[in-house]
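Participant: This one is entry-v9.txt, compact mmCIF, C-alpha atoms.
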```txt
# COMPACT_ATOMS: atom_id res chain seq x y z
CA MET A 1444 -18.93 -136.39 13.08
CA MET A 1445 -22.05 -134.97 11.47
CA MET A 1446 -24.76 -132.79 12.94
CA SER A 1447 -27.95 -131.18 11.77
CA CYS A 1448 -28.52 -127.44 11.86
CA ARG A 1449 -31.20 -125.22 10.39
CA ASN A 1450 -31.45 -121.84 8.69
CA ILE A 1451 -27.77 -121.46 7.84
CA ASP A 1452 -27.28 -118.17 6.01
CA LEU A 1453 -24.14 -117.43 4.03
CA GLY A 1454 -24.72 -113.75 4.61
CA GLY A 1455 -23.61 -114.06 8.25
CA THR A 1456 -20.23 -114.72 9.77
CA SER A 1457 -20.96 -117.78 11.86
CA VAL A 1458 -18.28 -120.45 12.09
CA LEU A 1459 -20.85 -122.89 10.72
CA ASP A 1460 -21.45 -120.67 7.70
CA LEU A 1461 -17.77 -120.92 6.74
CA MET A 1462 -17.26 -124.67 6.96
CA PRO A 1463 -15.78 -125.99 3.68
CA CYS A 1464 -17.19 -129.07 2.02
CA GLY A 1465 -13.86 -130.21 0.56
CA CYS A 1466 -15.60 -131.89 -2.35
CA SER A 1467 -14.62 -132.14 -5.99
CA SER A 1468 -17.34 -129.72 -7.06
CA SER A 1469 -15.38 -126.69 -5.84
CA SER A 1470 -14.55 -125.55 -9.35
CA SER A 1471 -18.11 -125.72 -10.62
CA PRO A 1472 -20.36 -122.68 -11.08
CA THR A 1473 -22.55 -124.02 -8.31
CA SER A 1474 -19.91 -123.46 -5.63
CA ARG A 1475 -18.95 -120.29 -3.84
CA ARG A 1476 -15.57 -119.10 -2.63
CA ILE A 1477 -15.53 -117.65 0.88
CA PHE A 1478 -12.58 -115.66 2.21
CA PHE A 1479 -12.01 -115.87 5.96
CA GLY A 1480 -8.92 -114.37 7.51
CA ASN A 1481 -5.94 -115.42 5.41
CA CYS A 1482 -7.54 -118.48 3.88
CA SER A 1483 -10.31 -119.11 1.39
CA LYS A 1484 -12.85 -121.91 1.49
CA THR A 1485 -15.25 -123.37 -1.03
CA VAL A 1486 -18.86 -123.85 0.00
CA CYS A 1487 -21.20 -125.96 -2.11
CA CYS A 1488 -24.30 -124.43 -3.60
CA ILE A 1489 -27.21 -126.25 -5.19
CA GLY A 1490 -28.44 -124.86 -8.48
CA ARG A 1491 -28.27 -121.10 -8.18
CA ARG A 1492 -28.76 -121.10 -4.44
CA SER A 1493 -26.36 -121.69 -1.61
CA TYR A 1494 -27.11 -124.32 1.03
CA GLY A 1495 -28.74 -121.49 2.98
CA VAL A 1496 -31.94 -121.80 0.94
CA GLY A 1497 -34.02 -124.92 1.04
CA ASN A 1498 -31.62 -127.79 0.43
CA LEU A 1499 -30.22 -130.57 2.56
CA VAL A 1500 -26.46 -130.67 2.03
CA PHE A 1501 -23.99 -133.24 3.33
CA LEU A 1502 -20.52 -131.83 3.93
CA ARG A 1503 -17.93 -134.56 4.39
CA ARG A 1504 -14.15 -134.36 4.46
CA ASP A 1505 -13.82 -138.02 3.65
CA SER A 1506 -16.06 -137.94 0.60
CA GLY A 1507 -15.28 -136.88 -2.95
CA SER A 1508 -18.53 -135.00 -3.48
CA CYS A 1509 -21.53 -133.44 -1.76
CA ARG A 1510 -25.01 -134.88 -1.97
CA ALA A 1511 -28.09 -132.64 -1.88
CA ILE A 1512 -31.65 -133.63 -1.05
CA PRO A 1513 -34.48 -131.08 -1.20
CA ALA A 1514 -35.62 -130.09 2.26
CA LYS A 1515 -39.25 -130.22 3.23
CA PRO A 1516 -40.58 -126.64 3.31
CA LYS A 1517 -42.58 -125.29 6.21
CA GLU A 1518 -46.30 -124.89 5.66
CA SER A 1519 -45.95 -121.23 6.58
CA ALA A 1520 -43.01 -120.50 4.27
CA LEU A 1521 -42.45 -116.86 3.44
CA VAL A 1522 -42.43 -115.40 -0.06
CA ASN A 1523 -39.65 -116.61 -2.42
CA GLY A 1524 -38.77 -119.48 -0.09
CA LEU A 1525 -36.86 -117.33 2.39
CA GLY A 1526 -38.81 -118.79 5.27
CA GLU A 1527 -38.47 -122.39 4.18
CA ASP A 1528 -37.33 -125.00 6.64
CA LYS A 1529 -33.91 -126.26 5.66
CA THR A 1530 -31.31 -128.47 7.19
CA VAL A 1531 -27.56 -128.53 6.73
CA MET A 1532 -25.33 -131.41 7.70
CA ILE A 1533 -22.13 -130.02 9.18
CA ASN A 1534 -18.87 -131.82 9.77
CA LEU A 1535 -17.62 -130.76 13.19
CA ARG A 1536 -14.01 -131.66 12.33
CA GLN A 1537 -12.27 -128.32 12.48
CA GLU A 1538 -10.62 -126.83 9.42
CA SER A 1539 -7.67 -124.43 9.63
CA ARG A 1540 -9.07 -120.97 10.27
CA LYS A 1541 -8.82 -118.12 12.71
CA PRO A 1542 -9.54 -119.34 16.27
CA ILE A 1543 -12.68 -118.07 17.98
CA SER A 1544 -12.15 -115.78 20.96
CA LEU A 1545 -14.51 -115.06 23.84
CA GLU A 1546 -14.19 -111.37 23.06
CA SER A 1547 -15.55 -111.89 19.54
CA LEU A 1548 -18.28 -114.23 20.81
CA PHE A 1549 -19.61 -111.69 23.28
CA GLU A 1550 -19.04 -108.62 21.13
CA VAL A 1551 -22.75 -108.41 20.31
CA VAL A 1552 -23.58 -108.22 24.05
CA ALA A 1553 -20.49 -106.30 25.17
CA ASP A 1554 -22.50 -103.37 26.56
CA ASP A 1555 -24.72 -105.72 28.55
CA LEU A 1556 -21.68 -107.47 30.05
CA GLN A 1557 -20.06 -104.16 30.94
CA SER A 1558 -23.17 -103.10 32.85
CA LEU A 1559 -23.14 -106.45 34.65
CA ASN A 1560 -19.50 -105.99 35.67
CA ASP A 1561 -20.26 -102.52 36.99
CA ASN A 1562 -23.13 -103.83 39.10
CA LEU A 1563 -21.68 -107.04 40.52
CA LEU A 1564 -19.34 -105.60 43.14
CA SER A 1565 -21.90 -103.16 44.48
CA ILE A 1566 -24.59 -105.85 44.63
CA VAL A 1567 -22.42 -108.36 46.48
CA GLY A 1568 -20.36 -106.20 48.78
CA ALA A 1569 -22.72 -103.40 49.70
CA GLU A 1570 -23.31 -104.65 53.24
CA ASN A 1571 -19.85 -105.76 54.37
CA PRO A 1572 -16.29 -104.56 53.62
CA VAL A 1573 -14.90 -108.09 53.99
CA LEU A 1574 -17.28 -109.29 51.30
CA ILE A 1575 -16.12 -106.48 49.04
CA SER A 1576 -12.55 -107.74 49.34
CA ALA A 1577 -13.59 -111.35 48.75
CA ALA A 1578 -15.78 -110.36 45.82
CA GLU A 1579 -13.03 -108.28 44.25
CA GLN A 1580 -10.71 -111.26 44.48
CA ILE A 1581 -13.02 -113.71 42.76
CA PHE A 1582 -14.58 -111.30 40.25
CA SER A 1583 -11.22 -109.91 39.16
CA ALA A 1584 -9.54 -113.33 38.80
CA GLY A 1585 -9.92 -113.51 35.03
CA GLY A 1586 -13.42 -115.01 34.94
CA LYS A 1587 -14.84 -115.50 31.46
CA ARG A 1588 -18.38 -114.36 32.38
CA MET A 1589 -19.54 -117.18 30.11
CA ARG A 1590 -22.80 -117.82 31.97
CA PRO A 1591 -24.09 -114.24 32.02
CA GLY A 1592 -22.85 -113.92 28.44
CA LEU A 1593 -25.02 -116.88 27.50
CA VAL A 1594 -27.96 -115.32 29.35
CA PHE A 1595 -27.61 -112.16 27.28
CA LEU A 1596 -27.15 -114.02 23.99
CA VAL A 1597 -30.17 -116.27 24.54
CA SER A 1598 -32.16 -113.28 25.84
CA GLN A 1599 -31.42 -111.33 22.67
CA ALA A 1600 -32.02 -114.28 20.34
CA THR A 1601 -35.36 -115.21 21.93
CA ALA A 1602 -36.40 -111.56 22.29
CA GLU A 1603 -36.14 -111.28 18.51
CA LEU A 1604 -38.32 -114.36 18.20
CA ALA A 1605 -40.91 -112.86 20.56
CA GLY A 1606 -40.82 -109.43 18.93
CA LEU A 1607 -39.25 -107.62 21.89
CA LYS A 1608 -37.24 -104.55 20.92
CA GLU A 1609 -34.94 -104.61 23.94
CA LEU A 1610 -34.04 -106.71 26.95
CA THR A 1611 -36.13 -106.45 30.10
CA VAL A 1612 -34.96 -105.62 33.61
CA GLU A 1613 -35.61 -109.29 34.44
CA HIS A 1614 -33.19 -110.46 31.75
CA ARG A 1615 -30.43 -108.29 33.20
CA ARG A 1616 -31.12 -109.25 36.79
CA LEU A 1617 -31.12 -112.94 35.83
CA ALA A 1618 -27.60 -112.58 34.40
CA GLU A 1619 -26.39 -111.03 37.68
CA ILE A 1620 -28.07 -113.76 39.74
CA ILE A 1621 -26.51 -116.50 37.64
CA GLU A 1622 -23.02 -115.03 38.02
CA MET A 1623 -23.46 -114.66 41.79
CA ILE A 1624 -24.56 -118.29 42.11
CA HIS A 1625 -21.67 -119.46 39.95
CA THR A 1626 -19.18 -117.42 41.97
CA ALA A 1627 -20.56 -118.71 45.29
CA SER A 1628 -20.20 -122.28 44.01
CA LEU A 1629 -16.56 -121.64 43.04
CA ILE A 1630 -15.74 -120.29 46.50
CA HIS A 1631 -17.25 -123.36 48.16
CA ASP A 1632 -15.64 -125.72 45.61
CA ASP A 1633 -12.21 -124.32 46.42
CA VAL A 1634 -12.81 -124.87 50.14
CA LEU A 1635 -13.98 -128.46 49.63
CA ASP A 1636 -11.13 -129.25 47.22
CA GLU A 1637 -8.58 -127.39 49.36
CA SER A 1638 -7.49 -125.55 46.21
CA ASP A 1639 -4.94 -122.78 46.64
CA MET A 1640 -5.21 -121.33 43.13
CA ARG A 1641 -8.11 -120.32 40.92
CA ARG A 1642 -7.48 -118.83 37.45
CA GLY A 1643 -3.87 -118.25 38.38
CA LYS A 1644 -4.66 -116.34 41.59
CA GLU A 1645 -4.94 -117.30 45.22
CA THR A 1646 -8.38 -118.50 46.23
CA VAL A 1647 -10.62 -116.66 48.67
CA HIS A 1648 -10.11 -119.18 51.47
CA GLU A 1649 -6.34 -119.05 50.96
CA LEU A 1650 -6.37 -115.26 51.41
CA PHE A 1651 -9.07 -114.80 54.01
CA GLY A 1652 -9.35 -118.20 55.68
CA THR A 1653 -11.90 -121.00 55.45
CA ARG A 1654 -14.42 -119.33 57.78
CA VAL A 1655 -14.65 -116.14 55.71
CA ALA A 1656 -14.72 -118.10 52.45
CA VAL A 1657 -17.62 -120.30 53.58
CA LEU A 1658 -19.56 -117.30 54.87
CA ALA A 1659 -18.83 -115.31 51.72
CA GLY A 1660 -20.15 -118.15 49.57
CA ASP A 1661 -23.22 -118.54 51.81
CA PHE A 1662 -23.90 -114.81 51.65
CA MET A 1663 -23.62 -114.77 47.88
CA PHE A 1664 -26.06 -117.68 47.59
CA ALA A 1665 -28.46 -115.86 49.94
CA GLN A 1666 -28.10 -112.56 48.08
CA ALA A 1667 -28.77 -114.27 44.77
CA SER A 1668 -31.83 -115.99 46.25
CA TRP A 1669 -33.18 -112.65 47.50
CA TYR A 1670 -32.85 -111.06 44.08
CA LEU A 1671 -34.34 -114.19 42.53
CA ALA A 1672 -37.43 -113.98 44.74
CA ASN A 1673 -37.88 -110.35 43.73
CA LEU A 1674 -38.18 -111.36 40.09
CA GLU A 1675 -41.61 -112.70 41.10
CA ASN A 1676 -41.64 -115.40 38.44
CA LEU A 1677 -42.45 -118.73 40.06
CA GLU A 1678 -41.22 -120.83 37.13
CA VAL A 1679 -37.80 -119.16 37.14
CA ILE A 1680 -37.61 -119.25 40.94
CA LYS A 1681 -38.18 -123.02 40.91
CA LEU A 1682 -35.71 -123.45 38.05
CA ILE A 1683 -32.83 -121.59 39.73
CA SER A 1684 -33.59 -122.96 43.20
CA GLN A 1685 -33.18 -126.46 41.80
CA VAL A 1686 -29.69 -125.48 40.62
CA ILE A 1687 -28.56 -124.72 44.18
CA LYS A 1688 -29.89 -128.09 45.28
CA ASP A 1689 -28.09 -129.73 42.35
CA PHE A 1690 -24.78 -128.19 43.43
CA ALA A 1691 -25.04 -129.93 46.79
CA SER A 1692 -26.14 -133.20 45.18
CA GLY A 1693 -23.16 -133.08 42.83
CA GLU A 1694 -20.66 -132.48 45.63
CA ILE A 1695 -22.11 -135.34 47.68
CA LYS A 1696 -22.08 -137.64 44.66
CA GLN A 1697 -18.44 -136.77 43.96
CA ALA A 1698 -17.31 -137.10 47.57
CA SER A 1699 -18.93 -140.52 47.88
CA SER A 1700 -17.22 -141.94 44.79
CA LEU A 1701 -13.59 -140.85 45.15
CA PHE A 1702 -11.08 -143.48 43.95
CA ASP A 1703 -14.04 -145.65 42.86
CA CYS A 1704 -13.07 -147.25 39.55
CA ASP A 1705 -16.56 -148.73 39.12
CA VAL A 1706 -18.07 -145.31 38.38
CA LYS A 1707 -20.07 -145.57 35.15
CA LEU A 1708 -20.25 -142.98 32.40
CA ASP A 1709 -23.89 -142.24 33.25
CA ASP A 1710 -22.86 -141.54 36.86
CA TYR A 1711 -20.18 -139.16 35.64
CA LEU A 1712 -22.63 -137.34 33.34
CA LEU A 1713 -25.20 -137.01 36.13
CA LYS A 1714 -22.59 -135.58 38.49
CA SER A 1715 -21.42 -133.23 35.72
CA TYR A 1716 -24.99 -132.13 35.17
CA TYR A 1717 -25.44 -131.39 38.86
CA LYS A 1718 -22.16 -129.50 39.19
CA THR A 1719 -21.97 -127.69 35.84
CA ALA A 1720 -24.71 -128.17 33.28
CA SER A 1721 -27.66 -127.56 35.59
CA LEU A 1722 -26.73 -123.89 36.05
CA VAL A 1723 -26.06 -123.35 32.34
CA ALA A 1724 -29.38 -124.99 31.40
CA ALA A 1725 -31.30 -122.92 33.95
CA SER A 1726 -29.57 -119.78 32.68
CA THR A 1727 -30.57 -120.30 29.08
CA LYS A 1728 -34.12 -121.44 29.84
CA GLY A 1729 -34.67 -118.60 32.31
CA ALA A 1730 -33.60 -116.11 29.64
CA ALA A 1731 -36.11 -117.62 27.20
CA ILE A 1732 -38.90 -117.51 29.79
CA PHE A 1733 -38.36 -113.78 30.34
CA SER A 1734 -38.65 -113.29 26.58
CA SER A 1735 -42.15 -114.86 26.81
CA VAL A 1736 -41.49 -117.36 24.03
CA GLU A 1737 -43.45 -120.57 23.62
CA SER A 1738 -42.71 -123.35 26.10
CA GLU A 1739 -41.26 -125.55 23.33
CA VAL A 1740 -38.63 -122.92 22.58
CA ALA A 1741 -37.84 -122.47 26.28
CA GLU A 1742 -37.35 -126.23 26.60
CA GLN A 1743 -35.01 -126.28 23.62
CA MET A 1744 -32.98 -123.53 25.29
CA TYR A 1745 -32.82 -125.68 28.43
CA GLN A 1746 -31.56 -128.63 26.41
CA PHE A 1747 -29.06 -126.37 24.64
CA GLY A 1748 -27.66 -125.20 27.97
CA LYS A 1749 -27.56 -128.74 29.32
CA ASN A 1750 -25.70 -130.16 26.31
CA LEU A 1751 -23.33 -127.20 26.10
CA GLY A 1752 -22.63 -127.44 29.84
CA LEU A 1753 -21.86 -131.15 29.60
CA SER A 1754 -19.61 -130.59 26.59
CA PHE A 1755 -17.73 -127.87 28.49
CA GLN A 1756 -17.25 -130.13 31.51
CA VAL A 1757 -15.90 -132.98 29.40
CA VAL A 1758 -13.48 -130.59 27.69
CA ASP A 1759 -12.35 -129.23 31.07
CA ASP A 1760 -11.70 -132.80 32.22
CA ILE A 1761 -9.67 -133.48 29.07
CA LEU A 1762 -7.60 -130.33 29.57
CA ASP A 1763 -6.77 -131.52 33.08
CA PHE A 1764 -4.60 -134.16 31.35
CA THR A 1765 -3.36 -132.21 28.33
CA GLN A 1766 -2.46 -128.77 29.70
CA SER A 1767 0.13 -127.58 32.20
CA SER A 1768 -0.58 -126.05 35.58
CA GLU A 1769 0.36 -122.66 34.15
CA GLN A 1770 -2.15 -123.01 31.32
CA LEU A 1771 -4.90 -124.24 33.64
CA GLY A 1772 -4.27 -121.72 36.42
CA LYS A 1773 -4.41 -124.62 38.90
CA PRO A 1774 -2.51 -127.90 39.42
CA ALA A 1775 -2.68 -130.21 36.39
CA ALA A 1776 -4.33 -133.64 36.84
CA ASN A 1777 -5.69 -132.35 40.13
CA ASP A 1778 -8.97 -134.27 39.84
CA LEU A 1779 -7.23 -137.60 39.37
CA ALA A 1780 -4.82 -136.89 42.24
CA LYS A 1781 -7.82 -136.34 44.53
CA GLY A 1782 -9.57 -139.48 43.30
CA ASN A 1783 -12.21 -137.78 41.15
CA ILE A 1784 -12.94 -140.17 38.27
CA THR A 1785 -13.68 -138.21 35.09
CA ALA A 1786 -14.54 -139.21 31.50
CA PRO A 1787 -10.94 -139.70 30.24
CA VAL A 1788 -10.23 -141.97 33.21
CA ILE A 1789 -13.46 -143.96 32.81
CA PHE A 1790 -12.62 -144.66 29.16
CA ALA A 1791 -8.96 -145.46 29.86
CA LEU A 1792 -9.94 -147.94 32.59
CA GLU A 1793 -11.56 -150.12 29.92
CA ASN A 1794 -8.15 -150.72 28.30
CA GLU A 1795 -5.71 -150.39 31.19
CA PRO A 1796 -6.22 -152.94 34.05
CA ARG A 1797 -3.12 -151.63 35.78
CA LEU A 1798 -4.75 -148.19 36.01
CA ARG A 1799 -7.42 -149.57 38.35
CA GLU A 1800 -4.79 -150.93 40.70
CA ILE A 1801 -2.97 -147.60 40.86
CA ILE A 1802 -6.10 -145.55 41.48
CA GLU A 1803 -7.52 -147.90 44.10
CA SER A 1804 -4.19 -147.75 45.94
CA GLU A 1805 -4.73 -143.96 46.10
CA PHE A 1806 -1.30 -143.39 44.52
CA CYS A 1807 0.57 -144.68 47.53
CA GLU A 1808 3.69 -145.59 45.53
CA PRO A 1809 6.13 -142.85 44.41
CA GLY A 1810 5.59 -142.01 40.75
CA SER A 1811 2.26 -143.84 40.58
CA LEU A 1812 0.26 -140.68 39.83
CA GLU A 1813 2.52 -139.85 36.88
CA GLU A 1814 2.15 -143.45 35.65
CA ALA A 1815 -1.63 -143.20 35.87
CA ILE A 1816 -1.65 -139.91 33.96
CA GLU A 1817 0.37 -141.46 31.15
CA MET A 1818 -2.00 -144.46 31.03
CA VAL A 1819 -4.97 -142.13 30.61
CA ARG A 1820 -3.20 -140.35 27.77
CA SER A 1821 -2.03 -143.50 25.99
CA GLY A 1822 -4.99 -145.76 26.76
CA GLY A 1823 -7.53 -144.05 24.51
CA GLY A 1824 -9.19 -142.07 27.30
CA ILE A 1825 -8.51 -138.67 25.79
CA LYS A 1826 -9.69 -139.59 22.29
CA ARG A 1827 -12.97 -141.10 23.47
CA ALA A 1828 -13.62 -138.18 25.79
CA GLN A 1829 -13.13 -135.86 22.81
CA GLU A 1830 -15.77 -137.85 20.93
CA LEU A 1831 -18.14 -137.48 23.89
CA ALA A 1832 -17.60 -133.70 23.99
CA LYS A 1833 -18.33 -133.47 20.26
CA GLU A 1834 -21.45 -135.61 20.64
CA LYS A 1835 -22.87 -133.20 23.23
CA ALA A 1836 -21.83 -130.26 21.06
CA GLU A 1837 -23.79 -131.66 18.12
CA LEU A 1838 -26.90 -131.93 20.29
CA ALA A 1839 -26.44 -128.35 21.51
CA LEU A 1840 -26.25 -127.05 17.94
CA THR A 1841 -29.38 -128.96 17.00
CA ASN A 1842 -31.23 -127.38 19.95
CA LEU A 1843 -30.61 -123.93 18.41
CA SER A 1844 -32.57 -124.76 15.25
CA CYS A 1845 -35.74 -123.23 16.74
CA LEU A 1846 -34.15 -119.76 16.78
CA PRO A 1847 -34.25 -117.34 13.84
CA ARG A 1848 -30.96 -116.69 12.09
CA SER A 1849 -29.27 -113.68 13.69
CA GLY A 1850 -25.92 -112.50 15.02
CA PHE A 1851 -27.00 -113.69 18.46
CA ARG A 1852 -27.75 -117.22 17.28
CA SER A 1853 -24.47 -117.26 15.35
CA ALA A 1854 -22.65 -116.30 18.54
CA LEU A 1855 -24.34 -119.16 20.39
CA GLU A 1856 -23.26 -121.58 17.66
CA ASP A 1857 -19.75 -120.18 17.82
CA MET A 1858 -19.72 -120.70 21.59
CA VAL A 1859 -20.20 -124.42 20.98
CA MET A 1860 -17.35 -124.43 18.47
CA PHE A 1861 -15.13 -122.32 20.76
CA ASN A 1862 -15.43 -125.02 23.40
CA LEU A 1863 -14.35 -127.74 20.96
CA GLU A 1864 -11.43 -125.62 19.76
CA ARG A 1865 -9.97 -125.88 23.24
CA ILE A 1866 -9.12 -129.55 22.59
CA ASP A 1867 -8.06 -129.29 18.94
```
Just dump the structure as structure tokens.
Facilitator:
Amino acid sequence: MMMSCRNIDLGGTSVLDLMPCGCSSSSSPTSRRIFFGNCSKTVCCIGRRSYGVGNLVFLRRDSGSCRAIPAKPKESALVNGLGEDKTVMINLRQESRKPISLESLFEVVADDLQSLNDNLLSIVGAENPVLISAAEQIFSAGGKRMRPGLVFLVSQATAELAGLKELTVEHRRLAEIIEMIHTASLIHDDVLDESDMRRGKETVHELFGTRVAVLAGDFMFAQASWYLANLENLEVIKLISQVIKDFASGEIKQASSLFDCDVKLDDYLLKSYYKTASLVAASTKGAAIFSSVESEVAEQMYQFGKNLGLSFQVVDDILDFTQSSEQLGKPAANDLAKGNITAPVIFALENEPRLREIIESEFCEPGSLEEAIEMVRSGGGIKRAQELAKEKAELALTNLSCLPRSGFRSALEDMVMFNLERID
């Protein structure tokens, strides 16, 4: 698959910067050898310049050579072409290289995340000892802090664009609000799904009972809303408030379509937006708004979060069929067992008529769930879902083209690639 990305700079360490072209020109003086980990890669250059400066380069594994077309420069290009608009075509098929880790992704905002961790427990549990216990359980259960990490990365990337020297109090509070909302949604999700495990640990409702879990989730939503109101930014308040509404819409949509084999891909994507991507999109756009960037940039950050969130959800749904319960930290194929029709199932249903019969029978026959899982794996559902995840990833990378090249933008690009690595 190919995607378009701008302002690639070989001086950085982004995953995208190190993608090899694999063409026959690797021995020419116009190519450059890059060493990454224990392997070296050849990257095509045009003339005396790498693809980082003003050329359109097509990198294809299945082609014998690279083709270059001059890129159209911006009207406001800087001296010596360093500000020229340039586009690079990247092949998202992964080459062998060192895997990306969340620790490396968030290294550039590690101090910001540490401050967030220090504040979360005191913010949530200050008024009630029971909430402290519930909060400790969920916050210490190995959460990736991906959403606040994205808030900080987008905040830093857009702050550079706006000329801000440091993050504002609003940026930091937004990250805390987003994590509280996400955590509240997980607590309620576990109650609705009757899940006993989350990230390899017992869920809040399993430890403290359904009543405490529901109230803890409600309190966390309310606490987040209170802090949100105190930000006194109407645009962000509307944006985040819509997310809470979307959560409820997503749960209703899912509950009303269990074991329904007529669910369309668009229905699945809308539900996934409500339940997952809406919060990510609001996080990234809210961060851009507090950086006071132009509305076009803020909208691109919204689209980035939406496409990244959808890609993450599709990957999660793939892993439900390809990983063990131990790897997932929850029962494998749990969504299918409960009748939740996800992307791999939707695609497999097109090729496996017997799969519809099994699902609509709600797995009443012994061994029918295992048979259905195997049909999803062998019926092309996994492969096509992988293609869908990569399609959304390409869109997310394109949305980042409005940002200046920096370590923060590189980390955002690497986040997209990290997600895809989970299914490689």
Participant: What does the distance from CA of Tyr1745 (chain A) to CA of Glu1546 (chain A) come to in Å, to one decimal?
Facilitator: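 According to the coordinates, CA of Tyr1745 (chain A) and CA of Glu1546 (chain A) are separated by 24.1 Å.
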Participant: Between A:Glu1739, A:Val1723, A:Ala1665, A:Glu1675, which residue has the minimum interatomic distance to Arg1588 (chain A), considering only C-alpha atoms?
Facilitator: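 Of the candidates, the smallest distance to Arg1588 (chain A) is held by A:Val1723.
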Participant: Using only C-alpha atoms, which residue out of A:Gln1666, A:Ser1726, A:Thr1785, A:Ser1565 lies closest to Ala1741 (chain A)?
Facilitator: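 Among A:Gln1666, A:Ser1726, A:Thr1785, A:Ser1565, it is A:Ser1726 that comes nearest to Ala1741 (chain A).
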Participant: Of the candidates A:Glu1550, A:Asp1705, A:Glu1649, A:Asp1561, which shows the shortest atom-to-atom distance to Leu1792 (chain A), using all atoms listed in the file?
Facilitator: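 Checking each candidate against Leu1792 (chain A), we get A:Asp1705 as the closest.
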Participant: Which residues of region 1700-1806 of chain A come within 12 Å of region 1624-1642 of chain A, and what is each one's closest atom pair and distance in Å (one decimal), counting only C-alpha atoms, sorted by chain and residue number, as a tab-separated table?
Facilitator:
```
residue	atom	partner	partner_atom	distance
A:Tyr1717	CA	A:Ser1628	CA	11.7
A:Lys1718	CA	A:Ser1628	CA	8.9
A:Thr1719	CA	A:His1625	CA	9.2
A:Ala1720	CA	A:His1625	CA	11.4
A:Ser1721	CA	A:His1625	CA	11.0
A:Leu1722	CA	A:His1625	CA	7.8
A:Val1723	CA	A:His1625	CA	9.6
A:Ala1725	CA	A:Ile1624	CA	11.6
A:Ser1726	CA	A:His1625	CA	10.7
A:Ser1768	CA	A:Met1640	CA	10.0
A:Glu1769	CA	A:Arg1642	CA	9.3
A:Gln1770	CA	A:Arg1642	CA	9.1
A:Leu1771	CA	A:Arg1642	CA	7.1
A:Gly1772	CA	A:Arg1642	CA	4.4
A:Lys1773	CA	A:Met1640	CA	5.4
A:Pro1774	CA	A:Met1640	CA	8.0
A:Ala1775	CA	A:Met1640	CA	11.4
A:Asn1777	CA	A:Ser1638	CA	9.3
A:Asp1778	CA	A:Asp1636	CA	9.2
A:Ala1780	CA	A:Asp1636	CA	11.1
A:Lys1781	CA	A:Asp1636	CA	8.3
A:Gly1782	CA	A:Asp1636	CA	11.1
A:Asn1783	CA	A:Asp1636	CA	10.5
```
Participant: Grab the residues selected above and save them as a PDB file, in the frame of the given file with C-alpha atoms.
Facilitator:
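After the write, again-v5.pdb holds the following:
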```pdb
ATOM      1  CA  TYR A1717     -25.440-131.390  38.860  1.00  0.00           C
ATOM      2  CA  LYS A1718     -22.160-129.500  39.190  1.00  0.00           C
ATOM      3  CA  THR A1719     -21.970-127.690  35.840  1.00  0.00           C
ATOM      4  CA  ALA A1720     -24.710-128.170  33.280  1.00  0.00           C
ATOM      5  CA  SER A1721     -27.660-127.560  35.590  1.00  0.00           C
ATOM      6  CA  LEU A1722     -26.730-123.890  36.050  1.00  0.00           C
ATOM      7  CA  VAL A1723     -26.060-123.350  32.340  1.00  0.00           C
ATOM      8  CA  ALA A1725     -31.300-122.920  33.950  1.00  0.00           C
ATOM      9  CA  SER A1726     -29.570-119.780  32.680  1.00  0.00           C
ATOM     10  CA  SER A1768      -0.580-126.050  35.580  1.00  0.00           C
ATOM     11  CA  GLU A1769       0.360-122.660  34.150  1.00  0.00           C
ATOM     12  CA  GLN A1770      -2.150-123.010  31.320  1.00  0.00           C
ATOM     13  CA  LEU A1771      -4.900-124.240  33.640  1.00  0.00           C
ATOM     14  CA  GLY A1772      -4.270-121.720  36.420  1.00  0.00           C
ATOM     15  CA  LYS A1773      -4.410-124.620  38.900  1.00  0.00           C
ATOM     16  CA  PRO A1774      -2.510-127.900  39.420  1.00  0.00           C
ATOM     17  CA  ALA A1775      -2.680-130.210  36.390  1.00  0.00           C
ATOM     18  CA  ASN A1777      -5.690-132.350  40.130  1.00  0.00           C
ATOM     19  CA  ASP A1778      -8.970-134.270  39.840  1.00  0.00           C
ATOM     20  CA  ALA A1780      -4.820-136.890  42.240  1.00  0.00           C
ATOM     21  CA  LYS A1781      -7.820-136.340  44.530  1.00  0.00           C
ATOM     22  CA  GLY A1782      -9.570-139.480  43.300  1.00  0.00           C
ATOM     23  CA  ASN A1783     -12.210-137.780  41.150  1.00  0.00           C
TER      24      ASN A1783
END
```
Participant: Nearest to Ala1776 (chain A) among A:Ala1691, A:Ala1815, A:Cys1807, A:Val1740, with distances taken over only C-alpha atoms: which residue is it?
Facilitator: A:Ala1815
Participant: Please measure the separation of CA of Cys1704 (chain A) and CA of Ile1801 (chain A), giving the value in Å to one decimal.
Facilitator: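 Going from CA of Cys1704 (chain A) over to CA of Ile1801 (chain A), I get 10.2 Å.
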Participant: Neighbouring residues of Asn1673 (chain A) were defined as those with any atom within 12 Å, considering all atoms listed in the file; residues of the same chain fewer than 5 positions away were excluded. Please report them as a ChimeraX atom specification.
Facilitator: /A:1612-1613,1616-1617,1620,1666-1668,1679-1680
